[in-house]
Structure formats: structure tokens, C-alpha cells
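Reproduced below: start.cif, with mmCIF, C-alpha atoms and all ligand atoms.
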```cif
data_start
#
loop_
_atom_site.label_atom_id
_atom_site.label_comp_id
_atom_site.auth_asym_id
_atom_site.auth_seq_id
_atom_site.Cartn_x
_atom_site.Cartn_y
_atom_site.Cartn_z
CA MET O 153 -14.46 36.28 -66.09
CA GLU O 154 -11.53 34.47 -64.51
CA ASN O 155 -9.37 32.52 -66.94
CA LYS O 156 -9.25 29.08 -65.34
CA VAL O 157 -8.03 27.17 -68.36
CA THR O 158 -4.28 27.59 -68.58
CA LYS O 159 -3.04 24.49 -70.43
CA ILE O 160 -4.94 23.11 -73.35
CA GLY O 161 -4.62 19.96 -75.41
CA VAL O 162 -5.70 19.79 -79.04
CA LEU O 163 -6.33 16.57 -80.97
CA THR O 164 -7.80 15.34 -84.24
CA SER O 165 -9.86 12.17 -84.09
CA GLY O 166 -11.86 9.92 -86.44
CA GLY O 167 -11.60 10.39 -90.20
CA ASP O 168 -9.21 13.11 -91.34
CA ALA O 169 -10.68 16.10 -93.16
CA PRO O 170 -9.02 18.91 -95.15
CA GLY O 171 -8.82 22.00 -92.95
CA MET O 172 -7.98 20.14 -89.74
CA ASN O 173 -4.48 21.64 -89.90
CA ALA O 174 -5.91 25.14 -90.24
CA ALA O 175 -8.01 24.48 -87.14
CA ILE O 176 -5.01 23.16 -85.16
CA ARG O 177 -3.05 26.27 -86.16
CA ALA O 178 -5.87 28.55 -84.99
CA VAL O 179 -6.19 26.75 -81.64
CA VAL O 180 -2.43 26.81 -80.99
CA ARG O 181 -1.93 30.44 -81.93
CA THR O 182 -5.06 31.73 -80.15
CA GLY O 183 -4.06 29.77 -77.05
CA ILE O 184 -0.53 31.17 -77.07
CA TYR O 185 -1.86 34.69 -77.72
CA ASN O 186 -3.92 34.32 -74.54
CA GLY O 187 -0.93 33.19 -72.48
CA MET O 188 -1.84 29.50 -72.44
CA GLU O 189 0.40 26.50 -72.85
CA VAL O 190 -0.76 24.35 -75.74
CA PHE O 191 -0.13 20.62 -76.23
CA GLY O 192 -0.70 18.54 -79.33
CA ILE O 193 -2.16 15.09 -78.60
CA MET O 194 -1.03 12.66 -81.28
CA ARG O 195 -3.31 10.11 -83.03
CA GLY O 196 -6.55 11.16 -81.39
CA TYR O 197 -7.55 9.39 -78.20
CA SER O 198 -4.80 6.79 -78.76
CA GLY O 199 -2.13 9.41 -78.03
CA MET O 200 -4.05 10.55 -74.97
CA ILE O 201 -4.02 7.01 -73.58
CA GLU O 202 -0.41 6.32 -74.59
CA ASN O 203 0.82 9.72 -73.36
CA ASP O 204 1.96 10.73 -76.83
CA ILE O 205 1.55 14.43 -76.12
CA VAL O 206 3.88 17.17 -77.36
CA PRO O 207 4.22 20.85 -76.53
CA MET O 208 3.16 23.13 -79.37
CA HIS O 209 4.62 26.50 -80.19
CA SER O 210 3.67 29.16 -82.68
CA ARG O 211 6.29 27.76 -85.10
CA SER O 212 4.97 24.20 -84.70
CA VAL O 213 2.01 25.21 -86.84
CA ALA O 214 3.88 27.27 -89.44
CA ASN O 215 3.26 26.40 -93.08
CA ILE O 216 0.36 24.03 -92.45
CA ILE O 217 -2.77 26.06 -93.23
CA GLN O 218 -2.68 24.87 -96.85
CA ARG O 219 -2.04 21.21 -96.10
CA GLY O 220 -4.60 18.39 -96.06
CA GLY O 221 -4.50 15.56 -93.51
CA THR O 222 -3.51 16.43 -89.96
CA ILE O 223 -0.05 17.06 -88.52
CA LEU O 224 -1.27 15.55 -85.23
CA LYS O 225 -2.34 12.39 -87.07
CA THR O 226 -5.66 10.76 -86.29
CA ALA O 227 -6.95 7.38 -85.22
CA ARG O 228 -9.89 5.34 -84.15
CA CYS O 229 -9.24 4.12 -80.62
CA LYS O 230 -11.08 1.10 -79.20
CA GLU O 231 -9.69 1.54 -75.69
CA PHE O 232 -11.39 4.92 -75.35
CA PHE O 233 -14.80 3.26 -75.50
CA GLU O 234 -14.00 1.78 -72.06
CA HIS O 235 -13.98 3.71 -68.80
CA GLU O 236 -10.53 2.28 -67.98
CA GLY O 237 -9.11 3.71 -71.21
CA ARG O 238 -10.58 7.13 -70.55
CA LYS O 239 -9.25 7.06 -66.97
CA LYS O 240 -5.75 6.33 -68.27
CA ALA O 241 -6.12 9.18 -70.76
CA TYR O 242 -7.32 11.61 -68.09
CA ASN O 243 -4.45 10.72 -65.77
CA ASN O 244 -1.97 11.56 -68.51
CA LEU O 245 -3.63 14.95 -69.03
CA LYS O 246 -3.62 15.57 -65.30
CA LYS O 247 0.11 14.81 -65.02
CA LEU O 248 0.81 17.53 -67.59
CA GLY O 249 -1.66 19.92 -65.97
CA ILE O 250 -3.84 20.06 -69.10
CA ASN O 251 -7.16 21.55 -67.98
CA GLY O 252 -8.96 22.11 -71.27
CA LEU O 253 -9.38 20.14 -74.50
CA VAL O 254 -10.21 20.94 -78.10
CA ILE O 255 -11.35 17.90 -80.08
CA ILE O 256 -11.50 18.22 -83.86
CA GLY O 257 -13.51 15.33 -85.29
CA GLY O 258 -16.91 13.89 -86.06
CA ASP O 259 -19.83 12.85 -83.88
CA GLY O 260 -18.02 9.70 -82.68
CA SER O 261 -15.17 11.82 -81.37
CA PHE O 262 -17.67 14.10 -79.62
CA ARG O 263 -19.30 11.07 -78.02
CA GLY O 264 -15.90 10.20 -76.55
CA ALA O 265 -15.33 13.79 -75.43
CA HIS O 266 -18.75 13.95 -73.82
CA LYS O 267 -18.03 10.81 -71.80
CA LEU O 268 -14.62 12.11 -70.73
CA SER O 269 -16.06 15.45 -69.61
CA GLU O 270 -18.85 13.70 -67.71
CA GLU O 271 -16.57 11.27 -65.87
CA PHE O 272 -13.69 13.63 -65.18
CA ASP O 273 -13.73 17.32 -64.56
CA ILE O 274 -12.23 18.52 -67.82
CA PRO O 275 -13.85 21.06 -70.13
CA CYS O 276 -14.06 19.92 -73.76
CA ILE O 277 -14.80 21.89 -76.90
CA GLY O 278 -15.64 20.07 -80.13
CA LEU O 279 -14.94 21.37 -83.61
CA PRO O 280 -16.86 19.62 -86.42
CA GLY O 281 -14.20 18.13 -88.67
CA THR O 282 -15.72 15.73 -91.17
CA ILE O 283 -16.16 15.66 -94.93
CA ASP O 284 -19.63 14.16 -94.48
CA LYS O 285 -21.36 17.29 -93.03
CA ASP O 286 -23.49 14.97 -90.92
CA ILE O 287 -23.51 16.97 -87.69
CA ALA O 288 -26.40 19.11 -86.49
CA GLY O 289 -25.82 22.58 -85.03
CA THR O 290 -23.66 23.95 -87.81
CA ASP O 291 -24.08 25.00 -91.43
CA PHE O 292 -20.52 23.93 -92.18
CA THR O 293 -18.13 21.21 -91.16
CA ILE O 294 -14.39 21.47 -91.69
CA GLY O 295 -13.51 19.50 -94.84
CA PHE O 296 -16.88 19.30 -96.56
CA ASP O 297 -16.27 22.12 -99.00
CA THR O 298 -12.94 20.66 -100.12
CA ALA O 299 -14.35 17.14 -100.45
CA VAL O 300 -17.36 18.27 -102.43
CA ASN O 301 -15.18 20.33 -104.77
CA THR O 302 -12.90 17.33 -105.31
CA ALA O 303 -15.96 15.26 -106.18
CA VAL O 304 -17.24 17.95 -108.57
CA GLU O 305 -13.89 18.10 -110.37
CA ALA O 306 -13.83 14.31 -110.74
CA ILE O 307 -17.46 14.04 -111.90
CA ASP O 308 -16.93 16.80 -114.48
CA LYS O 309 -14.05 14.77 -115.90
CA ILE O 310 -16.11 11.59 -115.96
CA ARG O 311 -18.88 13.42 -117.80
CA ASP O 312 -16.46 14.12 -120.64
CA THR O 313 -16.07 10.38 -121.20
CA ALA O 314 -19.78 9.73 -120.61
CA ASP O 315 -20.57 12.32 -123.26
CA ALA O 316 -17.94 11.11 -125.74
CA HIS O 317 -19.12 7.48 -125.54
CA ASP O 318 -22.83 8.00 -124.78
CA ARG O 319 -22.40 6.14 -121.52
CA LEU O 320 -24.20 5.81 -118.22
CA PHE O 321 -21.91 6.31 -115.24
CA ILE O 322 -22.69 5.39 -111.67
CA ILE O 323 -20.38 7.36 -109.43
CA GLU O 324 -20.08 6.53 -105.74
CA VAL O 325 -19.08 9.35 -103.41
CA MET O 326 -18.34 9.19 -99.68
CA GLY O 327 -20.91 9.65 -96.95
CA ARG O 328 -21.35 6.78 -94.54
CA ASP O 329 -24.64 8.01 -93.08
CA ALA O 330 -25.18 11.23 -94.96
CA GLY O 331 -25.88 12.18 -98.55
CA TYR O 332 -24.56 15.74 -98.51
CA ILE O 333 -21.51 15.10 -100.70
CA ALA O 334 -23.72 13.24 -103.18
CA LEU O 335 -26.43 15.90 -103.12
CA HIS O 336 -24.16 18.91 -103.52
CA SER O 337 -21.76 17.38 -106.03
CA GLY O 338 -24.66 15.86 -107.95
CA ILE O 339 -26.53 19.15 -108.27
CA ALA O 340 -23.34 21.04 -109.14
CA THR O 341 -22.46 18.62 -111.95
CA GLY O 342 -25.98 18.29 -113.33
CA ALA O 343 -26.27 14.63 -112.39
CA GLU O 344 -29.38 12.98 -113.79
CA ASN O 345 -30.00 11.03 -110.55
CA ILE O 346 -28.75 11.42 -107.00
CA LEU O 347 -29.18 8.57 -104.51
CA ILE O 348 -28.83 9.45 -100.84
CA PRO O 349 -29.47 7.52 -97.61
CA GLU O 350 -31.86 10.22 -96.33
CA ARG O 351 -34.39 9.34 -99.02
CA ARG O 352 -35.49 5.83 -99.89
CA THR O 353 -34.31 4.93 -103.36
CA ASP O 354 -37.16 3.77 -105.57
CA ILE O 355 -35.20 1.53 -107.92
CA GLU O 356 -38.28 0.95 -110.12
CA GLU O 357 -38.64 4.70 -110.61
CA LEU O 358 -34.93 4.94 -111.45
CA VAL O 359 -35.09 2.12 -113.98
CA ASN O 360 -38.30 3.45 -115.60
CA GLY O 361 -36.73 6.90 -115.85
CA LEU O 362 -33.68 5.46 -117.61
CA LEU O 363 -35.85 3.44 -120.02
CA GLU O 364 -37.85 6.55 -120.82
CA LYS O 365 -34.64 8.52 -121.46
CA GLU O 366 -33.40 5.74 -123.70
CA ARG O 367 -36.58 5.98 -125.77
CA ARG O 368 -35.87 9.65 -126.42
CA LYS O 369 -32.20 8.85 -127.18
CA LYS O 370 -30.81 10.49 -124.05
CA LEU O 371 -27.98 8.07 -123.45
CA VAL O 372 -25.60 10.15 -121.35
CA ASN O 373 -26.51 9.74 -117.71
CA ILE O 374 -24.65 10.40 -114.50
CA ILE O 375 -25.98 8.78 -111.35
CA VAL O 376 -24.30 9.95 -108.16
CA VAL O 377 -24.77 7.56 -105.26
CA ALA O 378 -23.73 8.11 -101.65
CA GLU O 379 -21.86 5.14 -100.21
CA GLY O 380 -24.37 5.08 -97.32
CA ASP O 381 -27.31 4.58 -99.69
CA ARG O 382 -26.30 1.42 -101.50
CA GLY O 383 -23.08 0.64 -103.23
CA ALA O 384 -22.56 1.80 -106.83
CA GLU O 385 -21.88 -1.82 -107.81
CA ASP O 386 -25.23 -2.85 -106.44
CA VAL O 387 -27.04 -0.13 -108.42
CA ALA O 388 -25.04 -1.06 -111.55
CA LYS O 389 -26.08 -4.70 -111.20
CA VAL O 390 -29.76 -3.77 -111.29
CA ILE O 391 -29.32 -1.34 -114.18
CA LYS O 392 -27.30 -3.80 -116.25
CA GLU O 393 -30.08 -6.33 -115.83
CA ARG O 394 -33.02 -4.02 -116.42
CA VAL O 395 -31.50 -1.58 -118.94
CA PRO O 396 -29.08 -3.91 -120.77
CA THR O 397 -28.65 -1.61 -123.77
CA ALA O 398 -27.08 1.12 -121.63
CA ASP O 399 -23.29 1.23 -121.80
CA THR O 400 -22.82 1.28 -118.03
CA ARG O 401 -19.66 2.01 -116.06
CA VAL O 402 -18.96 2.37 -112.34
CA CYS O 403 -16.50 4.71 -110.65
CA VAL O 404 -15.92 4.81 -106.89
CA LEU O 405 -14.20 8.09 -105.98
CA GLY O 406 -13.17 6.87 -102.53
CA HIS O 407 -10.47 8.46 -100.44
CA ILE O 408 -9.36 11.10 -102.94
CA GLN O 409 -12.27 13.03 -101.41
CA ARG O 410 -10.63 13.04 -97.98
CA GLY O 411 -7.28 14.51 -98.99
CA GLY O 412 -5.79 17.52 -100.67
CA ALA O 413 -5.29 21.18 -99.92
CA PRO O 414 -8.30 22.70 -98.16
CA THR O 415 -10.37 25.25 -100.06
CA CYS O 416 -10.41 28.87 -98.95
CA MET O 417 -13.81 28.23 -97.35
CA ASP O 418 -12.51 25.34 -95.24
CA ARG O 419 -9.45 27.34 -94.17
CA LEU O 420 -11.69 30.23 -93.11
CA ILE O 421 -14.21 28.21 -91.12
CA ALA O 422 -11.42 26.16 -89.51
CA SER O 423 -9.62 29.36 -88.46
CA ARG O 424 -12.79 30.92 -87.13
CA MET O 425 -13.85 27.80 -85.24
CA GLY O 426 -10.35 27.20 -83.83
CA TYR O 427 -10.18 30.78 -82.54
CA SER O 428 -13.67 30.48 -81.11
CA ALA O 429 -12.83 27.20 -79.33
CA VAL O 430 -10.13 28.88 -77.25
CA GLU O 431 -12.29 31.95 -76.61
CA SER O 432 -15.03 29.61 -75.39
CA LEU O 433 -12.68 27.88 -72.95
CA ILE O 434 -11.60 31.27 -71.62
CA GLU O 435 -15.19 32.44 -71.24
CA GLY O 436 -16.13 29.27 -69.38
CA ARG O 437 -18.41 27.96 -72.14
CA HIS O 438 -17.62 24.29 -71.66
CA ASN O 439 -18.61 21.00 -73.27
CA VAL O 440 -20.05 22.46 -76.42
CA MET O 441 -19.51 21.96 -80.11
CA ILE O 442 -18.69 25.12 -81.99
CA GLY O 443 -20.69 25.62 -85.15
CA ILE O 444 -21.53 28.41 -87.55
CA VAL O 445 -25.21 29.06 -88.20
CA ASN O 446 -26.38 31.99 -90.32
CA ASN O 447 -22.81 33.29 -90.28
CA LYS O 448 -22.74 33.51 -86.48
CA MET O 449 -20.95 31.28 -84.00
CA HIS O 450 -23.34 28.71 -82.59
CA TYR O 451 -22.79 26.55 -79.51
CA THR O 452 -24.41 23.14 -79.16
CA PRO O 453 -24.01 21.14 -75.93
CA LEU O 454 -21.89 18.08 -76.74
CA GLU O 455 -24.61 15.69 -75.58
CA LYS O 456 -26.99 17.20 -78.16
CA ALA O 457 -24.37 17.40 -80.91
CA VAL O 458 -23.87 13.65 -80.77
CA LYS O 459 -27.54 12.81 -81.14
CA ALA O 460 -28.92 14.98 -83.91
CA LYS O 461 -27.96 14.67 -87.57
CA GLN O 462 -28.24 17.45 -90.11
CA ARG O 463 -31.43 17.15 -92.12
CA ILE O 464 -31.55 17.58 -95.87
CA SER O 465 -34.18 20.18 -96.69
CA GLU O 466 -37.15 19.24 -98.85
CA ASP O 467 -36.29 22.22 -101.09
CA TRP O 468 -33.06 20.56 -102.16
CA LEU O 469 -34.86 17.33 -103.00
CA LYS O 470 -37.40 19.25 -105.11
CA ILE O 471 -34.62 21.10 -106.93
CA VAL O 472 -32.93 17.79 -107.78
CA LYS O 473 -36.15 16.42 -109.28
CA ILE O 474 -36.87 19.50 -111.38
CA LEU O 475 -33.36 20.18 -112.65
CA ALA O 476 -32.35 16.61 -113.41
CA SER O 477 -35.14 15.82 -115.86
P1 LIG Y 501 -15.76 10.40 -86.13
O1 LIG Y 501 -15.34 11.24 -85.00
O2 LIG Y 501 -15.19 10.82 -87.44
O3 LIG Y 501 -17.28 10.20 -86.17
P2 LIG Y 501 -15.48 7.67 -85.06
O4 LIG Y 501 -16.94 7.43 -84.98
O5 LIG Y 501 -14.65 6.58 -85.63
O6 LIG Y 501 -15.11 8.95 -85.93
O7 LIG Y 501 -14.96 8.02 -83.60
C1 LIG Y 501 -13.62 8.36 -83.36
C2 LIG Y 501 -13.18 7.85 -82.02
O8 LIG Y 501 -13.93 8.48 -80.97
C3 LIG Y 501 -13.40 6.38 -81.76
O9 LIG Y 501 -12.41 5.55 -82.34
C4 LIG Y 501 -13.32 6.32 -80.25
O10 LIG Y 501 -11.99 6.38 -79.80
C5 LIG Y 501 -14.05 7.61 -79.87
N1 LIG Y 501 -15.48 7.30 -79.62
C6 LIG Y 501 -16.46 7.20 -80.52
N2 LIG Y 501 -17.64 6.86 -79.94
C7 LIG Y 501 -17.37 6.74 -78.62
C8 LIG Y 501 -18.15 6.37 -77.48
N3 LIG Y 501 -19.45 6.08 -77.57
N4 LIG Y 501 -17.53 6.35 -76.28
C9 LIG Y 501 -16.21 6.63 -76.16
N5 LIG Y 501 -15.43 6.97 -77.20
C10 LIG Y 501 -15.98 7.01 -78.42
O1 LIG Y 502 -16.64 9.92 -92.02
C1 LIG Y 502 -15.94 10.26 -93.17
C2 LIG Y 502 -15.78 9.08 -94.06
O2 LIG Y 502 -15.04 9.54 -95.15
C3 LIG Y 502 -17.05 8.37 -94.51
O3 LIG Y 502 -17.74 9.04 -95.52
C4 LIG Y 502 -16.52 7.02 -94.89
O4 LIG Y 502 -17.49 6.03 -94.86
C5 LIG Y 502 -15.51 6.78 -93.84
O5 LIG Y 502 -15.03 8.05 -93.44
C6 LIG Y 502 -14.38 5.90 -94.26
O6 LIG Y 502 -13.42 5.92 -93.26
P1 LIG Y 502 -12.09 5.04 -93.22
O7 LIG Y 502 -11.66 4.81 -94.61
O8 LIG Y 502 -11.14 5.88 -92.45
O9 LIG Y 502 -12.46 3.81 -92.52
#
```

Would you encode the structure as C-alpha cells?
Ligand code: ADP
Ligand code: F6P
Amino acid sequence: MENKVTKIGVLTSGGDAPGMNAAIRAVVRTGIYNGMEVFGIMRGYSGMIENDIVPMHSRSVANIIQRGGTILKTARCKEFFEHEGRKKAYNNLKKLGINGLVIIGGDGSFRGAHKLSEEFDIPCIGLPGTIDKDIAGTDFTIGFDTAVNTAVEAIDKIRDTADAHDRLFIIEVMGRDAGYIALHSGIATGAENILIPERRTDIEELVNGLLEKERRKKLVNIIVVAEGDRGAEDVAKVIKERVPTADTRVCVLGHIQRGGAPTCMDRLIASRMGYSAVESLIEGRHNVMIGIVNNKMHYTPLEKAVKAKQRISEDWLKIVKILAS
């Protein structure tokens, strides 16, 4: 098949995620290997609109595979929501002759890419870069494994104090709309309760469970709550009122989950997806999000990738109930 895409732009957009640098590196080096010119677009769609676009070379991405954050920086860009903003962005790409884009970000970033590709004739490939793992069409998102391991390490440490003092800890992890970090880190740390937005929290059931545990002198309890469910402070307020004898503490893990060196897993999937993004552009597979499903590359049209969320399987929810008794 004829290689029509000769100059590609790569950007990171939305929330940063560990492994984004590994993905940038893979895109740049695979592009150069295939004789393309590669440009780095700074600060997501903001750099595209402001023409903050720099040529990338093989050396530009040296010594970054192990680094968290993103060397291209990232941003949330209001102007890109408007047609005028996207037009400005496209004109800047056109001036440089960029005729293919790789967008590393979450579903919001893909929504922007989808609009750009619909309005202007530019092929876009999305790579799922988000710690939340809230995108359908892929078993993995770049950054999730690192974030969940950071949460596990932190919760393990908190359990030491919970155990030493016979305390109840409510730990809030990230996940605006998705409970995957809470679910995985909660199961991996043996949390007694896991509260996620995908399942309605029955606060009565939670309180009754804690009262029952108190009766059998089980005082050490870890409750992991996803930020998208209800805030840890809110849950603590109810528990302090209804289970006043519990020695309750709250810990919000916050942005430590977004940073740090990517795990081996995140480096591998980022490398594989970055390589595959360029291959897809060469093969003419346009306007798709690259995912990995059952260890094979999986391509989801951008318009579908932005609509569907990953679903948490009933099996996981059953496992939580059985193991956390
Ligand atoms: P994420 O990609 O992590 O989900 P956001 O939802 O904040 O992050 O989206 C990142 C950026 O993508 C936004 O700041 C905006 O520039 C662009 N974007 C998101 N949604 C749209 C949309 N509906 N139309 C155009 N651009 C969008
Ligand atoms: O989408 C990733 C995420 O970490 C969410 O879990 C969280 O709600 C959000 O980003 C916070 O983003 P920021 O601090 O950049 O506004």
C-alpha cells in the first residue's frame, strides 16, 4: 500500500500518565525508521493552536523511557472545543505539511481528535493514555499499571499503621468516572471494602458490616474509595456518626498516583502501541484508537472509542465480596 503519510505530529493531551514518554519515543523512532519526519506538538491541543511544534529526532527521545510525566507537556485546551480553534490548529499543521497525527490521551482527547479528523482531512490515531483505565476497546491503558502499583504500595504502608493502632482507614484513590484503580488496588491489598462508581454504594450495608466486625473485635479495616464514587471525607462523616467507636482516619492519595517511573508493563504496552500507531498510519488504518485485547492489537474507530466505557466484570465484584469478609 502506498505510504501517503510522510510527516507526523505526536502530542500528549489531558491528564498525564506514566508511560506517555515511552509511547512518544516509540512513535518518533518508528516514524523515523520508516522515513517520516516527526514533529512534537507541545502542551496538547494548545500547542497545535499556538503553533508550538518542534521537530523530533531519534536523540530527542533518548533517556526518556523510564521517566514519568511527558516531555511534550500536556494541557486541557478550551479553544479546541470550538471549530475556530480546531481550524487554527489545522492550519498550523498544514503549514508544516503534517499529514498524520498520533494523540496520546484519554477519551476527551479522542473526542477532540475525532472532530478534527471529521472537519479536516487529517488521519488521527489515538493511544489510550490514562491512569483511570476507563476506555473501551483495550485491556490496558498506558499508565494504569504504574498508578495501581503506586496505590498498592501506599495502601500497604497505611495498613501497617491501621494494624498497629487498630484503626479504620478510608483511602481515596483516583478515578473520576471509573473504579478500576480502587478495584485493583483494593483487591491486591486485601481491602475490607471497595467503593466504586460503577456499583451503587449501599451505605447501610457498609455501616452494618462494620458494626458486625466490631462485635467480633475486627477493628482493622481498610476501605478503598474511588474519587468518582463519593469523597473519602463524605464516607468518613457517615462512619464517624454511625460507628463512633471506630478510630477512623482518612487518606487521599491524590496525584502521587499520576507520577513516577512507569512500570515494565506500562513501558511495554506504550512501546507496542506507539509502534503500532505509526504502522497503522502507513497501512492507511485511519481514525482509530489502538488497543490491546487478548494480547493482540485491536483497532476501535475513534467515534466508538469516545462513547463506550470499560465495564467492570461481575466476576470481580463477586471476588471482592467473598475475599473481603
Ligand atoms: P482526557 O483526554 O484525559 O480525557 P480531557 O477530557 O480533559 O482529558 O480532554 C483533553 C482535551 O481534549 C480538552 O481539554 C480539549 O482540548 C479536548 N477535547 C475534549 N473533549 C472535546 C470535544 N468534545 N471537542 C473538542 N475537543 C475536545
Ligand atoms: O483522568 C485521570 C485523573 O487522574 C482522574 O482520575 C482525576 O479525577 C483527574 O485526572 C484529575 O485531573 P487534574 O488534577 O489534572 O485536574

I'd like the contact shell of O:Glu366 - 12 Å cut-off, all atoms listed in the file, skipping same-chain residues fewer than 4 positions apart - returned as a PDB file with C-alpha atoms, in the coordinates of the input.
```pdb
ATOM      1  CA  ASP O 318     -22.830   8.000-124.780  1.00  0.00           C
ATOM      2  CA  ARG O 319     -22.400   6.140-121.520  1.00  0.00           C
ATOM      3  CA  LEU O 320     -24.200   5.810-118.220  1.00  0.00           C
ATOM      4  CA  VAL O 359     -35.090   2.120-113.980  1.00  0.00           C
ATOM      5  CA  ASN O 360     -38.300   3.450-115.600  1.00  0.00           C
ATOM      6  CA  GLY O 361     -36.730   6.900-115.850  1.00  0.00           C
ATOM      7  CA  LEU O 362     -33.680   5.460-117.610  1.00  0.00           C
ATOM      8  CA  LYS O 370     -30.810  10.490-124.050  1.00  0.00           C
ATOM      9  CA  LEU O 371     -27.980   8.070-123.450  1.00  0.00           C
ATOM     10  CA  VAL O 372     -25.600  10.150-121.350  1.00  0.00           C
ATOM     11  CA  ASN O 373     -26.510   9.740-117.710  1.00  0.00           C
ATOM     12  CA  VAL O 395     -31.500  -1.580-118.940  1.00  0.00           C
ATOM     13  CA  PRO O 396     -29.080  -3.910-120.770  1.00  0.00           C
ATOM     14  CA  THR O 397     -28.650  -1.610-123.770  1.00  0.00           C
ATOM     15  CA  ALA O 398     -27.080   1.120-121.630  1.00  0.00           C
ATOM     16  CA  ASP O 399     -23.290   1.230-121.800  1.00  0.00           C
TER      17      ASP O 399
END
```

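With all atoms listed in the file as the basis for measurement, O:Val254 is the residue among O:Val254, O:Ile322, O:Ile160, O:Ile339 that approaches O:Gly426 most closely.
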
Residues within 9 Å of ligand LIG 502 (chain Y) should be enumerated using all atoms listed in the file and returned as an mmCIF file with C-alpha atoms, keeping the file's coordinate frame.
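Result saved to pocket.cif:
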```
data_model
loop_
_atom_site.group_PDB
_atom_site.id
_atom_site.type_symbol
_atom_site.label_atom_id
_atom_site.label_comp_id
_atom_site.auth_asym_id
_atom_site.auth_seq_id
_atom_site.Cartn_x
_atom_site.Cartn_y
_atom_site.Cartn_z
ATOM 1 C CA GLY O 166 -11.860 9.920 -86.440
ATOM 2 C CA GLY O 167 -11.600 10.390 -90.200
ATOM 3 C CA ASP O 168 -9.210 13.110 -91.340
ATOM 4 C CA ALA O 169 -10.680 16.100 -93.160
ATOM 5 C CA ALA O 227 -6.950 7.380 -85.220
ATOM 6 C CA ARG O 228 -9.890 5.340 -84.150
ATOM 7 C CA GLY O 258 -16.910 13.890 -86.060
ATOM 8 C CA THR O 282 -15.720 15.730 -91.170
ATOM 9 C CA ILE O 283 -16.160 15.660 -94.930
ATOM 10 C CA ASP O 284 -19.630 14.160 -94.480
ATOM 11 C CA LYS O 285 -21.360 17.290 -93.030
ATOM 12 C CA ASP O 286 -23.490 14.970 -90.920
ATOM 13 C CA VAL O 325 -19.080 9.350 -103.410
ATOM 14 C CA MET O 326 -18.340 9.190 -99.680
ATOM 15 C CA GLY O 327 -20.910 9.650 -96.950
ATOM 16 C CA ARG O 328 -21.350 6.780 -94.540
ATOM 17 C CA ASP O 329 -24.640 8.010 -93.080
ATOM 18 C CA ALA O 330 -25.180 11.230 -94.960
ATOM 19 C CA ILE O 333 -21.510 15.100 -100.700
ATOM 20 C CA ALA O 378 -23.730 8.110 -101.650
ATOM 21 C CA GLU O 379 -21.860 5.140 -100.210
ATOM 22 C CA GLY O 380 -24.370 5.080 -97.320
ATOM 23 C CA GLY O 406 -13.170 6.870 -102.530
ATOM 24 C CA HIS O 407 -10.470 8.460 -100.440
ATOM 25 C CA GLN O 409 -12.270 13.030 -101.410
ATOM 26 C CA ARG O 410 -10.630 13.040 -97.980
#
```

Problem - Residues within 8 Å of O:Thr158, all atoms listed in the file, excluding chain neighbours under 3 positions, as a list in words - result: Asn155, Gly187, Met188, Glu189, Ile250, Asn251 and Gly252 of chain O

Go ahead and write the selection's residues with C-alpha atoms as a tab-separated table (two decimals), in the frame of the given file.
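Final output, saved to result37.tsv:
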```tsv
chain	number	residue	atom	x	y	z
O	155	ASN	CA	-9.37	32.52	-66.94
O	187	GLY	CA	-0.93	33.19	-72.48
O	188	MET	CA	-1.84	29.50	-72.44
O	189	GLU	CA	0.40	26.50	-72.85
O	250	ILE	CA	-3.84	20.06	-69.10
O	251	ASN	CA	-7.16	21.55	-67.98
O	252	GLY	CA	-8.96	22.11	-71.27
```

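Residue nearest ligand LIG 501 (chain Y), chosen from O:Ser210, O:Ser261, O:Thr222, O:Thr182 and counting all atoms listed in the file: O:Ser261.
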
Completion exercise
Min atom-atom distance to O:His336 from the set O:Ala314, O:Gly281, O:Val390, O:Trp468, counting all atoms listed in the file, belongs to O:Trp468

Practice task
Please measure the separation of atom CA of O:Glu393 and atom CA of O:Ile474, giving the value in Å to one decimal.
Solution key: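 Separation between atom CA of O:Glu393 and atom CA of O:Ile474: 27.1 Å.
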
Handout entry: Interatomic distance, atom CA of O:Cys416 to atom CA of O:Met441 (Å, one decimal)
Key = 22.0 Å

Exercise for the section: Report the distance between atom CA of O:Val180 and atom CA of O:Val440 in Å, rounded to one decimal place. Expected result: 18.7 Å

Residues near O:Glu202, cut-off 10 Å, all atoms listed in the file, skip fewer than 5 positions along chain, as a PDB file with C-alpha atoms, keeping the file's coordinate frame:
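Okay, out-v3.pdb is ready:
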```pdb
ATOM      1  CA  ILE O 193      -2.160  15.090 -78.600  1.00  0.00           C
ATOM      2  CA  MET O 194      -1.030  12.660 -81.280  1.00  0.00           C
ATOM      3  CA  ARG O 195      -3.310  10.110 -83.030  1.00  0.00           C
ATOM      4  CA  TYR O 197      -7.550   9.390 -78.200  1.00  0.00           C
ATOM      5  CA  GLY O 237      -9.110   3.710 -71.210  1.00  0.00           C
ATOM      6  CA  LYS O 240      -5.750   6.330 -68.270  1.00  0.00           C
ATOM      7  CA  ALA O 241      -6.120   9.180 -70.760  1.00  0.00           C
ATOM      8  CA  ASN O 244      -1.970  11.560 -68.510  1.00  0.00           C
TER       9      ASN O 244
END
```

Handout entry: Who sits within 9 Å of O:Ile310, all atoms listed in the file, same chain under 5 positions skipped, as a PyMOL selection string
Key = chain O and resi 305+315+321+323+374+403

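For the set O:Asn173, O:Asn186, O:Asn446, O:Thr293, the residue with the smallest atom-to-atom gap to ligand LIG 501 (chain Y) is O:Thr293, counting only C-alpha atoms and all ligand atoms.
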